[in-house]
Amino acid sequence: MGGNLPDIPERLTNLRGGFKAFLSPPPEGVIRLTVGEPGFDTPTNISEVAKKALLDGDTHYTRGEGRENLCTAWASHLRRRWKIPVDDEGIVITPGAKQALLYAFMVAAKENDEVILLAPCWPTHAEQVELMGAKPIFVQCDAPRFHPNLDRVRAAITEKTTAIVVNSPNNPTGAVYTPDEMIGIVKLAIEHDLWIISDEIYTELIWNETEHVSPASILGGFERTLTVSGPSKTHAMTGWRIGVFAAPTSVAKVVGRLQGNTCSHIPSFLMPAAELAAKDWSAVNQFRGEYIRRRGLILELLEHIPSLVASEPEGAFYVMVDVRGTGMDGTTFAQRAMDEALVQVIPLDSLPGGEGYIRLSYATEEDVIREGIGRLKDWLAQ
Ligand SMILES: Cc1ncc(COP(=O)(O)O)c(C=O)c1O
């Protein structure tokens, strides 16, 4: 009896938890400036639709990509709002944007391929590249704006490169790439025959004058872009696990079969609610006003802490803060802030390009932001 466990592939045992270690609920009394989700509840009209569907018995197997009405609603939204020329059959509704990203990496990268990531980037992008047996190639975006340098991107392309990942507005940097930068990326992708994986989960959350331009809306871009979207951040639906994969129909058909052979589909009774989310963006406008206030508040409070340098976020709900002026690296800062100031923040030292930085989320309530930054200020003044 007993003995050693049979082997687990290294690709799996090597997976890291991203920000997970710093996202676990802290002891009582600790202020959390970590969580990347809206400090709001899902709009009631959306929840009511799901509740009714559940009670009406919408609990059976259905179309793997998502019901036709649901896919049509998201395709119409992406066509109208972001000018992505996707067919209704080009949509697969997935369990969260994360799963849509996984499918995108399965399509765009295989063993030993290289995938370009604009650093610092959300850790899951790199983990999923590695899960494919491919290699993430980090191309640094410089502080304070963290926009891509296209010459550097070009220099990083090799014959093994198969894809480039774009995430604008960006987590964790808050950068919103300009239309010219997006056009430049699409041109490079065409020149080198690359896929573009465009993570557009924050596109409704832009705080400057920049117009979001989807790579798939640019001439020659649609054929090579796998767009990832969904209502998690915009409709405060993070726990629902609903995401959107949008691509040329031939690719979506492959992904539809992939989903059909794995999770089948998102829960049937969530589909009418996911359809309503694609049609009703009214709550987002209210959330947007709140975020603008919270962003202003956190930047103003941080300005009064001389040893911290905050980058002005152009979108999403995160602010990158350079903590090197305190004499600490990001990890030491985060550990000590937790132990001594009772404030939970995310250190970015482990991300290429994030060394010396922490990430604060301002998605949370104003009084939490005030208390958290106040505690950091008092602690650092000691
Ligand atoms: C850049 C980015 N993409 C995707 C996601 C995941 O979205 P979902 O909750 O729909 O899986 C997140 C969540 O933090 C994110 O920051």
# chains A, B, ... in the order shown; residues from 1 in each chain; ligands from 1
$ residues_near_ligand --ligand "ligand 1" --cutoff "9 Å" --atoms "only C-alpha atoms and all ligand atoms" --output "short mmCIF file (atom, residue, chain, number, x, y, z; two decimals) with N, CA and C atoms, in the first residue's frame"
data_model
loop_
_atom_site.label_atom_id
_atom_site.label_comp_id
_atom_site.auth_asym_id
_atom_site.auth_seq_id
_atom_site.Cartn_x
_atom_site.Cartn_y
_atom_site.Cartn_z
N VAL A 35 -8.40 44.06 -3.53
CA VAL A 35 -9.32 43.23 -4.30
C VAL A 35 -9.72 43.90 -5.62
N GLY A 36 -9.52 43.17 -6.71
CA GLY A 36 -9.80 43.72 -8.05
C GLY A 36 -11.24 43.50 -8.44
N GLU A 37 -12.15 43.94 -7.59
CA GLU A 37 -13.55 43.81 -8.01
C GLU A 37 -14.35 44.98 -7.48
N THR A 94 -18.21 32.04 -21.88
CA THR A 94 -17.32 31.16 -21.11
C THR A 94 -17.51 31.38 -19.60
N PRO A 95 -17.02 30.46 -18.78
CA PRO A 95 -17.09 30.68 -17.33
C PRO A 95 -16.04 31.72 -16.90
N GLY A 96 -16.32 32.98 -17.10
CA GLY A 96 -15.39 34.06 -16.76
C GLY A 96 -14.48 34.40 -17.93
N ALA A 97 -13.98 35.62 -17.91
CA ALA A 97 -13.03 36.06 -18.94
C ALA A 97 -11.75 35.22 -18.86
N LYS A 98 -11.41 34.77 -17.67
CA LYS A 98 -10.20 33.96 -17.49
C LYS A 98 -10.22 32.71 -18.38
N GLN A 99 -11.39 32.07 -18.43
CA GLN A 99 -11.51 30.85 -19.24
C GLN A 99 -11.43 31.21 -20.72
N ALA A 100 -12.01 32.37 -21.08
CA ALA A 100 -11.92 32.82 -22.48
C ALA A 100 -10.45 33.04 -22.84
N LEU A 101 -9.68 33.59 -21.88
CA LEU A 101 -8.24 33.80 -22.12
C LEU A 101 -7.53 32.45 -22.31
N CYS A 121 2.49 42.99 -16.37
CA CYS A 121 1.16 42.56 -16.81
C CYS A 121 0.50 41.70 -15.74
N TRP A 122 -0.76 41.49 -15.92
CA TRP A 122 -1.55 40.67 -14.98
C TRP A 122 -0.96 39.25 -14.97
N PRO A 123 -0.64 38.69 -13.81
CA PRO A 123 0.12 37.43 -13.75
C PRO A 123 -0.55 36.27 -14.47
N THR A 124 -1.87 36.23 -14.52
CA THR A 124 -2.55 35.09 -15.16
C THR A 124 -2.17 34.96 -16.64
N HIS A 125 -1.92 36.09 -17.32
CA HIS A 125 -1.53 35.99 -18.73
C HIS A 125 -0.26 35.14 -18.85
N ASN A 167 -3.66 44.35 -23.19
CA ASN A 167 -4.68 44.50 -22.14
C ASN A 167 -4.80 45.98 -21.81
N SER A 168 -5.77 46.60 -22.45
CA SER A 168 -5.97 48.04 -22.28
C SER A 168 -7.45 48.32 -22.09
N PRO A 169 -7.80 49.07 -21.00
CA PRO A 169 -7.00 49.52 -19.88
C PRO A 169 -6.33 48.33 -19.17
N ASN A 170 -5.18 48.63 -18.59
CA ASN A 170 -4.31 47.58 -18.11
C ASN A 170 -4.42 47.35 -16.60
N ASN A 171 -4.39 46.09 -16.23
CA ASN A 171 -4.18 45.67 -14.85
C ASN A 171 -2.76 45.10 -14.81
N PRO A 172 -1.85 45.64 -14.06
CA PRO A 172 -2.02 46.56 -12.93
C PRO A 172 -1.71 48.03 -13.22
N ASP A 199 -7.32 41.51 -24.24
CA ASP A 199 -8.10 41.36 -23.00
C ASP A 199 -8.77 42.71 -22.73
N GLU A 200 -10.10 42.76 -23.01
CA GLU A 200 -10.82 44.04 -22.99
C GLU A 200 -11.81 44.10 -21.83
N ILE A 201 -11.41 43.52 -20.71
CA ILE A 201 -12.33 43.42 -19.57
C ILE A 201 -12.59 44.79 -18.92
N TYR A 202 -11.69 45.76 -19.12
CA TYR A 202 -11.85 47.08 -18.46
C TYR A 202 -12.19 48.21 -19.43
N VAL A 228 -11.29 39.18 -25.71
CA VAL A 228 -11.87 38.67 -24.46
C VAL A 228 -12.59 39.81 -23.76
N SER A 229 -13.85 39.57 -23.41
CA SER A 229 -14.63 40.61 -22.75
C SER A 229 -15.52 39.96 -21.70
N GLY A 230 -16.49 40.71 -21.20
CA GLY A 230 -17.43 40.12 -20.23
C GLY A 230 -17.90 41.15 -19.23
N PRO A 231 -18.92 40.78 -18.44
CA PRO A 231 -19.55 41.74 -17.52
C PRO A 231 -18.96 41.76 -16.11
N SER A 232 -17.91 40.98 -15.85
CA SER A 232 -17.43 40.84 -14.45
C SER A 232 -17.18 42.19 -13.79
N LYS A 233 -16.39 43.02 -14.45
CA LYS A 233 -15.97 44.27 -13.81
C LYS A 233 -16.99 45.38 -14.03
N MET A 237 -20.17 41.68 -11.57
CA MET A 237 -20.62 40.29 -11.68
C MET A 237 -19.45 39.32 -11.58
N THR A 238 -18.45 39.65 -10.78
CA THR A 238 -17.24 38.82 -10.74
C THR A 238 -17.52 37.37 -10.32
N GLY A 239 -18.45 37.20 -9.38
CA GLY A 239 -18.71 35.85 -8.86
C GLY A 239 -19.62 35.01 -9.75
N TRP A 240 -20.20 35.62 -10.76
CA TRP A 240 -21.12 34.88 -11.64
C TRP A 240 -20.36 33.95 -12.57
N ARG A 241 -19.13 34.30 -12.87
CA ARG A 241 -18.28 33.57 -13.81
C ARG A 241 -18.90 33.54 -15.21
N ILE A 242 -18.91 34.71 -15.80
CA ILE A 242 -19.38 34.86 -17.18
C ILE A 242 -18.34 35.66 -17.95
N GLY A 243 -17.88 35.12 -19.05
CA GLY A 243 -16.92 35.81 -19.89
C GLY A 243 -17.32 35.66 -21.35
N VAL A 244 -16.65 36.42 -22.20
CA VAL A 244 -17.00 36.41 -23.62
C VAL A 244 -15.72 36.22 -24.45
N ALA A 316 -9.19 51.44 -15.72
CA ALA A 316 -9.36 50.36 -14.74
C ALA A 316 -9.47 50.94 -13.32
#
$ select_by_dssp --residues "segment 9-238 of chain A" --states "strand (DSSP E or B)" --output "VMD selection string"
chain A and resid 31 to 32 91 to 94 114 to 119 135 to 140 161 to 167 195 to 199 206 225 to 229
$ residues_around --residues "Val254 of chain A" --least-positions-apart "2" --cutoff "12 Å" --atoms "only C-alpha atoms" --output "list in words"
Gly64, Glu65, Glu89, Gly90, Ile91, Val92, Tyr103, Ala104, Met106, Val107, Phe245, Ala246, Ala247, Pro248, Thr249, Ser250, Val251, Ala252, Gly256, Arg257, Leu258, Gln259, Gly260 and Asn261 of chain A
$ residues_around --residues "segment 359-363 of chain A" --least-positions-apart "2" --cutoff "8 Å" --atoms "only C-alpha atoms" --output "list in words"
Leu33, Thr34, Val35, Gly36, Glu37, Pro38, Gly39, Pro172, Tyr291, Arg294, Arg295, Ile298, Phe317, Tyr318, Val319, Met320, Val321, Val345, Ile346, Pro347, Leu348, Tyr357, Glu365 and Ile369 of chain A
$ residues_around --residues "segment 146-148 of chain A" --least-positions-apart "5" --cutoff "10 Å" --atoms "only C-alpha atoms" --output "ChimeraX atom specification"
/A:118-120,139-141,153,166,168,170,172-178,181-182,184-185,311,313,353
